[in-house]
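Content type mmCIF, C-alpha atoms, from the file protein17.cif:
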data_final
#
loop_
_atom_site.label_atom_id
_atom_site.label_comp_id
_atom_site.auth_asym_id
_atom_site.auth_seq_id
_atom_site.Cartn_x
_atom_site.Cartn_y
_atom_site.Cartn_z
CA MET A 102 0.00 0.00 0.00
CA ALA A 103 1.33 3.43 -0.95
CA LEU A 104 2.13 5.75 1.93
CA LEU A 105 1.55 9.47 1.96
CA LYS A 106 4.61 11.55 1.08
CA SER A 107 4.46 13.20 4.50
CA GLU A 108 4.48 9.76 6.15
CA VAL A 109 7.57 8.74 4.17
CA LEU A 110 9.43 11.94 5.07
CA SER A 111 8.64 11.32 8.73
CA LEU A 112 9.98 7.76 8.47
CA ILE A 113 13.23 9.01 6.95
CA GLU A 114 13.66 11.53 9.75
CA THR A 115 12.96 9.29 12.72
CA HIS A 116 13.14 5.57 11.89
CA SER A 117 15.83 2.97 11.23
CA ASP A 118 16.28 1.16 7.92
CA GLU A 119 14.74 -1.99 9.36
CA GLU A 120 11.69 -0.05 10.54
CA ILE A 121 11.29 1.58 7.13
CA ASP A 122 11.61 -1.84 5.47
CA LYS A 123 8.73 -3.02 7.63
CA ALA A 124 6.64 0.09 6.89
CA PHE A 125 7.16 -0.47 3.16
CA GLY A 126 6.06 -4.10 3.50
CA LEU A 127 9.41 -5.79 3.01
CA SER A 128 9.61 -9.22 4.61
CA MET A 129 11.98 -9.67 7.53
CA ALA A 130 13.08 -12.88 5.83
CA LEU A 131 15.29 -10.64 3.71
CA LYS A 132 17.89 -10.66 6.46
CA SER A 133 18.51 -14.35 5.77
CA ALA A 134 21.94 -15.04 4.28
CA SER A 135 20.27 -17.55 1.95
CA LEU A 136 19.02 -14.61 -0.10
CA SER A 137 22.53 -13.40 -0.86
CA ASP A 138 25.07 -14.60 -3.36
CA PRO A 139 28.52 -13.86 -1.87
CA GLU A 140 30.33 -15.00 -5.00
CA ALA A 141 28.46 -12.57 -7.20
CA TYR A 142 28.66 -9.61 -4.84
CA GLY A 143 32.28 -10.18 -3.80
CA ASP A 144 34.12 -10.50 -0.49
CA GLY A 145 31.36 -12.63 1.05
CA LEU A 146 29.20 -9.64 2.02
CA THR A 147 25.93 -11.08 3.27
CA GLY A 148 24.67 -8.87 6.11
CA ALA A 149 21.84 -6.46 5.32
CA LYS A 150 23.84 -3.42 6.42
CA ALA A 151 26.73 -4.42 4.16
CA LEU A 152 24.63 -5.38 1.14
CA TYR A 153 21.89 -2.77 1.15
CA THR A 154 22.27 0.99 0.93
CA SER A 155 20.55 2.99 3.68
CA TYR A 156 17.30 4.83 3.00
CA GLN A 157 18.92 7.97 4.37
CA ASP A 158 21.64 7.77 1.71
CA PHE A 159 19.07 7.14 -1.02
CA PHE A 160 17.20 10.20 0.23
CA THR A 161 20.40 12.22 -0.28
CA ILE A 162 20.51 10.94 -3.88
CA TYR A 163 16.81 11.76 -4.30
CA LYS A 164 17.30 15.37 -3.24
CA ASP A 165 20.25 15.76 -5.60
CA LEU A 166 18.28 14.25 -8.50
CA LEU A 167 15.51 16.78 -7.98
CA LYS A 168 18.03 19.50 -8.91
CA ARG A 169 18.87 17.77 -12.17
CA THR A 170 15.70 18.39 -14.14
CA GLU A 171 17.17 16.78 -17.26
CA VAL A 172 17.09 13.37 -15.52
CA SER A 173 13.93 11.46 -16.48
CA SER A 174 15.05 7.97 -15.41
CA PHE A 175 17.27 6.56 -12.65
CA ALA A 176 18.65 3.00 -12.49
CA ASP A 177 19.88 1.14 -9.42
CA LEU A 178 22.28 -1.49 -10.77
CA GLY A 179 22.35 -4.46 -8.41
CA ALA A 180 19.43 -3.10 -6.42
CA GLY A 181 19.09 -5.86 -3.84
CA ILE A 182 15.69 -5.33 -2.20
CA ALA A 183 15.13 -2.15 -4.27
CA ARG A 184 15.06 0.33 -1.42
CA SER A 185 15.74 3.12 -3.92
CA LYS A 186 12.71 2.31 -6.05
CA LEU A 187 10.41 1.84 -3.07
CA LEU A 188 11.52 5.13 -1.52
CA PHE A 189 11.47 7.22 -4.70
CA ASP A 190 8.10 5.89 -5.85
CA HIS A 191 6.55 6.39 -2.41
CA LEU A 192 7.82 9.99 -2.65
CA ARG A 193 6.20 10.36 -6.11
CA ALA A 194 9.51 11.24 -7.74
CA PRO A 195 9.25 13.27 -10.98
CA PHE A 196 11.51 10.70 -12.69
CA HIS A 197 11.08 6.97 -13.29
CA THR A 198 13.14 4.62 -11.11
CA PHE A 199 14.31 1.17 -12.24
CA SER A 200 15.81 -1.53 -10.04
CA TYR A 201 17.96 -4.26 -11.58
CA GLU A 202 18.64 -7.36 -9.48
CA PHE A 203 19.61 -10.94 -10.37
CA VAL A 204 18.70 -12.80 -7.13
CA PRO A 205 15.10 -14.01 -7.68
CA GLU A 206 14.16 -14.12 -3.99
CA ARG A 207 14.99 -10.45 -3.53
CA VAL A 208 13.00 -9.46 -6.60
CA ALA A 209 10.00 -11.50 -5.44
CA VAL A 210 9.93 -9.83 -2.02
CA THR A 211 10.26 -6.39 -3.63
CA ARG A 212 7.33 -7.07 -5.96
CA GLU A 213 5.21 -8.20 -3.02
CA ALA A 214 6.00 -4.99 -1.12
CA TYR A 215 5.35 -2.81 -4.18
CA GLN A 216 1.60 -3.46 -4.24
CA GLY A 217 -0.37 -0.25 -4.96
CA LEU A 218 2.56 1.76 -6.34
CA PRO A 219 2.43 3.08 -9.92
CA HIS A 220 5.36 1.59 -11.85
CA PRO A 221 5.86 -2.16 -11.18
CA GLU A 222 7.47 -2.54 -14.62
CA GLY A 223 10.54 -0.86 -13.15
CA ILE A 224 11.35 -3.90 -10.99
CA CYS A 225 13.63 -5.96 -13.23
CA GLU A 226 15.04 -9.42 -12.54
CA THR A 227 18.12 -9.65 -14.72
CA ASP A 228 21.80 -10.50 -14.82
CA LEU A 229 23.45 -7.34 -16.16
CA LYS A 230 26.38 -9.32 -17.59
CA GLY A 231 24.06 -11.08 -19.99
CA GLN A 232 22.57 -8.04 -21.74
CA ALA A 233 23.31 -4.57 -23.02
CA LEU A 234 23.28 -1.96 -20.27
CA PRO A 235 19.78 -0.42 -20.06
CA ASP A 236 19.53 3.17 -21.26
CA HIS A 237 18.90 5.66 -18.42
CA ASP A 238 19.90 9.20 -17.51
CA ALA A 239 21.42 8.40 -14.10
CA TYR A 240 22.78 5.27 -12.42
CA PHE A 241 23.65 4.14 -8.92
CA LEU A 242 26.65 1.86 -8.24
CA TYR A 243 27.60 0.36 -4.90
CA LEU A 244 28.77 -3.25 -5.09
CA PRO A 245 29.63 -4.23 -8.66
CA VAL A 246 32.90 -6.17 -8.99
CA GLY A 247 34.86 -8.12 -11.59
CA PRO A 248 33.27 -8.93 -14.96
CA THR A 249 29.95 -7.34 -13.97
CA LEU A 250 31.65 -4.01 -13.26
CA ASP A 251 33.65 -4.14 -16.50
CA HIS A 252 30.49 -4.91 -18.47
CA ILE A 253 28.74 -1.92 -16.87
CA LEU A 254 31.66 0.38 -17.70
CA GLU A 255 31.69 -0.71 -21.33
CA GLY A 256 27.95 -0.09 -21.50
CA LEU A 257 28.28 3.36 -19.97
CA LYS A 258 30.93 4.34 -22.50
CA ARG A 259 28.69 3.28 -25.39
CA LEU A 260 25.61 5.02 -23.95
CA SER A 261 27.58 8.24 -23.39
CA LEU A 262 27.91 8.61 -27.16
CA SER A 263 24.29 9.71 -27.42
CA LYS A 264 24.18 12.00 -24.34
CA GLU A 265 25.82 12.66 -20.99
CA ARG A 266 24.93 10.48 -17.99
CA TYR A 267 25.12 10.86 -14.22
CA LEU A 268 26.64 8.31 -11.86
CA TYR A 269 26.00 8.16 -8.12
CA VAL A 270 28.63 5.96 -6.49
CA ILE A 271 29.31 4.71 -2.97
CA GLU A 272 32.69 3.08 -2.35
CA SER A 273 32.35 -0.58 -1.42
CA HIS A 274 35.78 -2.27 -1.31
CA GLY A 275 38.22 0.64 -1.39
CA ASP A 276 39.10 0.48 -5.08
CA LEU A 277 35.81 1.19 -6.90
CA ILE A 278 36.21 4.97 -7.14
CA PRO A 279 39.87 4.85 -8.35
CA TYR A 280 38.96 2.12 -10.85
CA LEU A 281 36.10 4.20 -12.26
CA LYS A 282 38.28 7.28 -12.62
CA LYS A 283 41.04 5.35 -14.37
CA SER A 284 38.69 3.38 -16.63
CA LEU A 285 36.50 6.27 -17.81
CA SER A 286 38.62 9.14 -19.10
CA SER A 287 35.55 11.30 -19.74
CA LEU A 288 34.26 10.94 -16.17
CA GLU A 289 33.92 14.28 -14.40
CA GLU A 290 33.48 14.48 -10.63
CA ARG A 291 30.74 17.02 -9.95
CA GLU A 292 30.53 16.91 -6.16
CA THR A 293 30.64 14.71 -3.07
CA LEU A 294 27.88 14.48 -0.48
CA PRO A 295 28.17 13.14 3.07
CA LEU A 296 26.81 9.66 3.77
CA LYS A 297 24.61 8.92 6.76
CA SER A 298 25.67 5.27 6.97
CA THR A 299 29.12 3.84 7.74
CA ARG A 300 31.00 2.91 4.59
CA HIS A 301 34.61 2.47 3.43
CA ASP A 302 34.56 6.09 2.24
CA PRO A 303 32.20 8.52 4.04
CA LYS A 304 31.21 10.29 0.81
CA LEU A 305 28.66 9.77 -1.93
CA TYR A 306 30.28 10.64 -5.28
CA VAL A 307 28.32 12.36 -8.03
CA PHE A 308 29.89 12.03 -11.48
CA ARG A 309 28.93 13.21 -14.93
CA LEU A 310 30.01 10.97 -17.80
CA LYS A 311 30.63 12.98 -20.94
CA SER A 312 30.92 11.52 -24.44
CA ALA A 313 33.50 8.72 -24.59
CA THR A 314 33.95 8.96 -28.37
CA ASP A 315 37.68 9.70 -28.20
CA GLN A 316 38.28 7.07 -25.53
CA LEU A 317 36.48 4.32 -27.43
CA LYS A 318 38.34 5.17 -30.63
CA ARG A 319 41.70 5.05 -28.86
CA GLU A 320 40.87 1.79 -27.07
CA ASP A 321 39.86 0.10 -30.32
CA GLU A 322 43.09 1.26 -31.99
CA LEU A 323 45.18 0.07 -29.06
CA VAL A 324 43.65 -3.40 -28.92
CA ARG A 325 44.17 -3.74 -32.68
CA GLU A 326 47.82 -2.68 -32.42
CA ALA A 327 48.44 -5.06 -29.54
CA SER A 328 46.89 -8.01 -31.38
CA LEU A 329 49.51 -7.65 -34.14
CA SER A 330 52.49 -7.93 -31.80
CA MET A 331 51.29 -10.10 -28.93
CA GLU A 332 53.72 -12.97 -29.56
CA LYS A 333 56.73 -10.65 -29.25
CA GLY A 334 55.06 -8.49 -26.64
CA PHE A 335 53.34 -5.13 -26.69
CA SER A 336 55.01 -2.30 -24.77
CA LEU A 337 53.05 -0.86 -21.84
CA LYS A 338 55.41 2.05 -21.32
CA GLY A 339 53.86 5.51 -21.53
CA LEU A 340 50.25 4.34 -21.63
CA LYS A 341 47.57 6.24 -19.77
CA ASP A 342 45.56 4.50 -17.08
CA PHE A 343 42.46 4.04 -19.22
CA GLU A 344 44.63 2.59 -22.03
CA LEU A 345 46.26 0.08 -19.68
CA TYR A 346 42.94 -1.00 -18.28
CA ALA A 347 41.34 -1.29 -21.72
CA LEU A 348 44.11 -3.66 -22.80
CA PHE A 349 43.92 -5.66 -19.59
CA ARG A 350 40.14 -6.08 -19.86
CA ALA A 351 40.44 -7.09 -23.51
CA TYR A 352 42.94 -9.89 -22.83
CA ALA A 353 42.29 -10.99 -19.23
CA HIS A 354 40.14 -13.92 -20.40
CA ASP A 355 43.23 -15.65 -21.87
CA PRO A 356 44.96 -17.75 -19.15
CA PHE A 357 48.30 -17.53 -20.99
CA MET A 358 48.37 -13.75 -21.31
CA GLN A 359 51.23 -12.39 -19.21
CA ILE A 360 52.53 -9.07 -17.94
CA GLU A 361 56.30 -8.69 -18.04
CA VAL A 362 57.29 -6.94 -14.83
CA GLU A 363 60.54 -5.00 -14.36
CA ASP A 364 62.46 -5.50 -11.12
CA ASP A 365 65.86 -4.10 -10.17
CA SER A 366 67.81 -7.20 -11.19
CA PHE A 367 65.53 -9.16 -13.54
CA ASN A 368 62.18 -9.24 -15.31
CA TRP A 369 59.48 -11.77 -14.47
CA LEU A 370 55.98 -12.76 -15.60
CA ALA A 371 52.68 -12.24 -13.84
CA SER A 372 49.41 -13.68 -15.19
CA LEU A 373 46.97 -11.05 -16.38
CA GLU A 374 44.09 -13.33 -15.44
CA SER A 375 42.33 -12.19 -12.22
CA TRP A 376 44.16 -8.83 -12.13
CA ARG A 377 42.55 -5.94 -10.27
CA GLU A 378 43.14 -2.34 -9.24
CA GLY A 379 45.94 -2.23 -6.65
CA PRO A 380 45.62 -0.82 -3.12
CA LEU A 381 48.49 1.61 -3.70
CA PRO A 382 48.36 4.64 -6.00
CA GLU A 383 49.24 3.76 -9.60
CA SER A 384 49.34 0.02 -9.02
CA ILE A 385 47.64 -3.22 -9.98
CA GLU A 386 47.31 -6.44 -8.03
CA THR A 387 47.81 -9.90 -9.50
CA LEU A 388 46.81 -13.30 -8.18
CA TYR A 389 49.45 -15.43 -9.96
CA PRO A 390 51.71 -14.63 -8.25
CA PRO A 391 50.01 -12.59 -5.50
CA ARG A 392 51.79 -9.27 -5.92
CA ILE A 393 51.17 -5.53 -5.92
CA ILE A 394 52.86 -4.07 -9.01
CA LYS A 395 53.43 -0.37 -9.67
CA HIS A 396 52.47 0.93 -13.08
CA GLN A 397 56.05 2.05 -13.71
CA GLN A 398 57.15 -1.61 -13.45
CA LEU A 399 54.83 -2.76 -16.26
CA ALA A 400 57.01 -3.51 -19.28
CA ARG A 401 55.11 -5.58 -21.84
CA LEU A 402 51.92 -7.53 -22.41
CA LEU A 403 52.59 -10.82 -24.15
CA LYS A 404 51.20 -14.25 -24.93
CA ALA A 405 53.29 -16.89 -23.19
CA ALA A 406 55.38 -19.09 -25.48
CA PRO A 407 54.32 -22.78 -25.55
CA SER A 408 57.41 -23.73 -23.53
CA LEU A 409 56.26 -21.49 -20.65
CA ARG A 410 52.65 -22.59 -20.51
CA PRO A 411 53.13 -25.68 -18.30
CA PHE A 412 54.73 -23.41 -15.66
CA ILE A 413 51.86 -20.94 -15.89
CA LEU A 414 49.38 -23.74 -15.29
CA GLU A 415 51.52 -25.08 -12.44
CA ARG A 416 51.50 -21.66 -10.77
CA LYS A 417 47.68 -21.74 -10.67
CA ASP A 418 47.50 -25.23 -9.15
CA GLU A 419 46.16 -24.63 -5.65
CA SER A 420 46.39 -28.31 -4.73
CA ILE A 421 50.17 -27.88 -4.37
CA PRO A 422 51.25 -27.15 -0.74
CA SER A 423 51.74 -23.41 -0.23
CA LEU A 424 55.53 -23.52 0.35
CA MET A 425 56.02 -25.56 -2.82
CA ARG A 426 53.94 -23.25 -5.01
CA LEU A 427 55.58 -21.63 -8.02
CA ARG A 428 55.65 -17.84 -7.71
CA LYS A 429 57.86 -16.04 -10.22
CA ILE A 430 58.77 -17.04 -13.76
CA ILE A 431 61.98 -15.09 -14.27
CA LEU A 432 63.15 -14.14 -17.76
CA LYS A 433 66.88 -14.40 -18.43
CA ASP A 434 68.96 -16.33 -20.94
CA LYS A 435 67.42 -19.35 -19.26
CA ILE A 436 64.09 -19.60 -17.48
CA LEU A 437 64.34 -19.39 -13.70
CA LEU A 438 61.43 -20.59 -11.57
CA GLU A 439 61.22 -19.11 -8.08
CA TYR A 440 59.15 -21.04 -5.54
CA ALA A 441 57.48 -19.83 -2.34
CA ASN A 442 60.12 -21.57 -0.21
CA GLY A 443 62.87 -19.53 -1.91
CA LYS A 444 64.13 -22.35 -4.11
CA ILE A 445 65.10 -21.36 -7.67
CA VAL A 446 65.06 -23.94 -10.48
CA GLU A 447 66.71 -23.34 -13.85
CA LYS A 448 65.03 -24.40 -17.09
CA LYS A 449 66.20 -24.14 -20.68
CA ARG A 450 64.45 -21.63 -22.91
CA GLY A 451 62.29 -23.21 -25.56
CA PRO A 452 60.43 -21.81 -28.55
#

Do you think you could lay out the structure here as structure tokens?
Amino acid sequence: MALLKSEVLSLIETHSDEEIDKAFGLSMALKSASLSDPEAYGDGLTGAKALYTSYQDFFTIYKDLLKRTEVSSFADLGAGIARSKLLFDHLRAPFHTFSYEFVPERVAVTREAYQGLPHPEGICETDLKGQALPDHDAYFLYLPVGPTLDHILEGLKRLSLSKERYLYVIESHGDLIPYLKKSLSSLEERETLPLKSTRHDPKLYVFRLKSATDQLKREDELVREASLSMEKGFSLKGLKDFELYALFRAYAHDPFMQIEVEDDSFNWLASLESWREGPLPESIETLYPPRIIKHQQLARLLKAAPSLRPFILERKDESIPSLMRLRKIILKDKILLEYANGKIVEKKRGP
């Protein structure tokens, strides 16, 4: 049942998120961990306070959206229990709100709570990775990670060709904001607003995404150039952040794609697969081996020669005891394999 706008404003002022959930008709069963998918959301976040954005913070977004009269539609990507849609539609927002969520149980509970409100078609059960990014004027991002995040960014770049978009972003893991800024060269930070809830970063970021025409053109050129020299290696020196990340996203699906890393005394290979934004400024983090690598150390991107591929597969084998795991594949006249226990084994270079 729809509440009066005055009733909703009173709830926002004086009640907790759980109490507002109840007033909106959301089932308390939502707090069950069985309704979460830790693998999809990342870092095993299952608690309601970790997974779901506070109504107070959505109200901050709502007030900012009211100033942006050019916004006619707002999309919450990975909406969970769709607090944004329930709040905005109860407030009779002058724009349409869409919630996108892939966990069926959450969508079902939202639809049950939405009875009597005007736009049920805006509750969408979907996996964003499996479709083109829906076309809206403004988007909210909180917990996207990995391939889902990269798919969203590619979609935003394409959509920006027709008109500018707004992004409202809350930091989730500590690297979302830096990753956005480095991946979208046409992203412009408009302002930051204080959050009511406790998060990794106490600010809500408001971005405007301008046309990514030049970025997309450069990325396409770069990937083409790299494809012609991948066997010998493509130099990473002098590339801008968005160029690096475009290359890495384009080739990260290939388990034999390697980054040649410069150290003081030798160069070594790190697998591009499972790379991510690093915790230090101007850095990336790799899983094989687990290292934080500064951008200035990135030498080349290359496809591993057939003779190196057995070692690359060995390095990923987690059934091997930790002290016997292969870490670095060192490039010299001969191949040197450095293991976690400090042992170095010499191998002949092959083709």

Handout entry: Residue neighbourhood Arg300 in chain A, 9 Å, all atoms listed in the file, exclusion window fewer than 4 positions, as a ChimeraX atom specification
Key = /A:151,271-273,296,304

Handout entry: Which of A:Arg428, A:Ala183, A:Leu244, A:Glu255 sits closest to Gly223 in chain A [using all atoms listed in the file]
Key =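 That would be A:Ala183, the residue with the smallest distance to Gly223 in chain A.
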
Exercise for the section: Please write as a PyMOL selection string the full residue list that the PyMOL selection byres ((chain A and resi 220) around 9) yields on this file. Expected result: chain A and resi 190+197-199+215+218-219+221-224

Exercise for the section: Please measure the separation of CA of Asp302 in chain A and CA of Gln397 in chain A, giving the value in Å to one decimal. Expected result: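 Pair CA of Asp302 in chain A / CA of Gln397 in chain A returns 27.1 Å.
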
Problem - Explicit residue set for the PyMOL selection byres ((chain A and resi 290) around 10), as a ChimeraX atom specification - result: /A:267-268,282,287-289,291-293,306-310

Handout entry: Nearest candidate to Glu320 in chain A (options A:Arg207, A:Lys168, A:Lys258, A:Lys404; using all atoms listed in the file)
Key =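 Counting all atoms listed in the file, the residue closest to Glu320 in chain A is A:Lys258.
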
Practice task
Return as JSON, numbers by chain the set of residues that the PyMOL selection byres ((chain A and resi 363) around 9) yields on the displayed structure.
Solution key: {"A": [361, 362, 364, 365, 366, 367, 368, 369, 397, 398, 399, 400]}

Exercise for the section: Could you give me, as a PyMOL selection string, the residues within 10 Å of Asp122 in chain A, counting only C-alpha atoms and dropping anything in the same chain fewer than 4 positions from it? Expected result: chain A and resi 116-118+126-129+131+156+182+184+187-188+214

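Distances here use all atoms listed in the file; by that measure, the residue among A:Ser286, A:Ser200, A:Ser312, A:Thr161 closest to Ala180 in chain A is A:Ser200.
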
Exercise for the section: Compare A:Lys123, A:Leu323, A:Gly247, A:Tyr269 by their minimum atom-to-atom distance to Thr211 in chain A, counting all atoms listed in the file, and give me the closest one. Expected result: A:Lys123

Problem - Distance of CA of Asp321 in chain A from CA of Ala371 in chain A, expressed in Å to one decimal place - result: 24.3 Å

Handout entry: Polymer residues at most 9 Å from (27.8, -5.4, -11.6) by all atoms listed in the file, as a list of chain:residue names
Key =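 Selection result: A:Ala141, A:Tyr142, A:Leu178, A:Gly179, A:Asp228, A:Leu229, A:Lys230, A:Leu242, A:Tyr243, A:Leu244, A:Pro245, A:Val246, A:Gly247, A:Pro248, A:Thr249, A:Leu250, A:Asp251, A:His252, A:Ile253.
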
Exercise for the section: May I have the residues within 12 Å of range 439-447 of chain A as JSON, numbers by chain, using only C-alpha atoms and disregarding those fewer than 3 positions away in the same chain? Expected result: {"A": [369, 370, 389, 390, 391, 412, 415, 416, 421, 422, 423, 424, 425, 426, 427, 428, 429, 430, 431, 432, 433, 434, 435, 436, 450]}

Exercise for the section: Measure the distance from CA of Glu171 in chain A to CA of Tyr201 in chain A in Å and round it to one decimal. Expected result: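 Atom-to-atom, CA of Glu171 in chain A and CA of Tyr201 in chain A are spaced 21.8 Å apart.
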
Would you place a box with edges along x, y and z of the file around all atoms of range 385-404 of chain A listed there, add 4 Å to each of its six sides, and report the centre and edge lengths in Å to one decimal, as AutoDock Vina command-line options?
--center_x 52.0 --center_y -6.7 --center_z -15.2 --size_x 18.3 --size_y 25.5 --size_z 27.4

Practice task
Considering only C-alpha atoms, state which residue in the set A:Leu257, A:Leu381, A:Leu105, A:Ala176 is at the smallest distance from Pro279 in chain A.
Solution key: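 Of the candidates, the smallest distance to Pro279 in chain A is held by A:Leu381.
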
Fill in the blank from the handout: One residue among A:Arg392, A:Lys264, A:Arg401, A:His354 is nearest to Ser330 in chain A when using all atoms listed in the file, and that residue is A:Arg401

Handout entry: Within 12 Å of Tyr352 in chain A using all atoms listed in the file, minus same-chain residues under 6 positions, as a list in words
Key =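 So the residues in contact are Leu323, Val324, Arg325, Ala327, Ser328, Met331, Leu345, Tyr346, Met358, Gln359, Ile360, Ser372, Leu373, Glu374, Ser375, Trp376, Leu402, Leu403 and Lys404 of chain A.
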
The selected residues should be written to file as a PDB file, keeping the file's coordinate frame (atoms: C-alpha atoms).
ATOM      1  CA  LEU A 323      45.180   0.070 -29.060  1.00  0.00           C
ATOM      2  CA  VAL A 324      43.650  -3.400 -28.920  1.00  0.00           C
ATOM      3  CA  ARG A 325      44.170  -3.740 -32.680  1.00  0.00           C
ATOM      4  CA  ALA A 327      48.440  -5.060 -29.540  1.00  0.00           C
ATOM      5  CA  SER A 328      46.890  -8.010 -31.380  1.00  0.00           C
ATOM      6  CA  MET A 331      51.290 -10.100 -28.930  1.00  0.00           C
ATOM      7  CA  LEU A 345      46.260   0.080 -19.680  1.00  0.00           C
ATOM      8  CA  TYR A 346      42.940  -1.000 -18.280  1.00  0.00           C
ATOM      9  CA  MET A 358      48.370 -13.750 -21.310  1.00  0.00           C
ATOM     10  CA  GLN A 359      51.230 -12.390 -19.210  1.00  0.00           C
ATOM     11  CA  ILE A 360      52.530  -9.070 -17.940  1.00  0.00           C
ATOM     12  CA  SER A 372      49.410 -13.680 -15.190  1.00  0.00           C
ATOM     13  CA  LEU A 373      46.970 -11.050 -16.380  1.00  0.00           C
ATOM     14  CA  GLU A 374      44.090 -13.330 -15.440  1.00  0.00           C
ATOM     15  CA  SER A 375      42.330 -12.190 -12.220  1.00  0.00           C
ATOM     16  CA  TRP A 376      44.160  -8.830 -12.130  1.00  0.00           C
ATOM     17  CA  LEU A 402      51.920  -7.530 -22.410  1.00  0.00           C
ATOM     18  CA  LEU A 403      52.590 -10.820 -24.150  1.00  0.00           C
ATOM     19  CA  LYS A 404      51.200 -14.250 -24.930  1.00  0.00           C
TER      20      LYS A 404
END
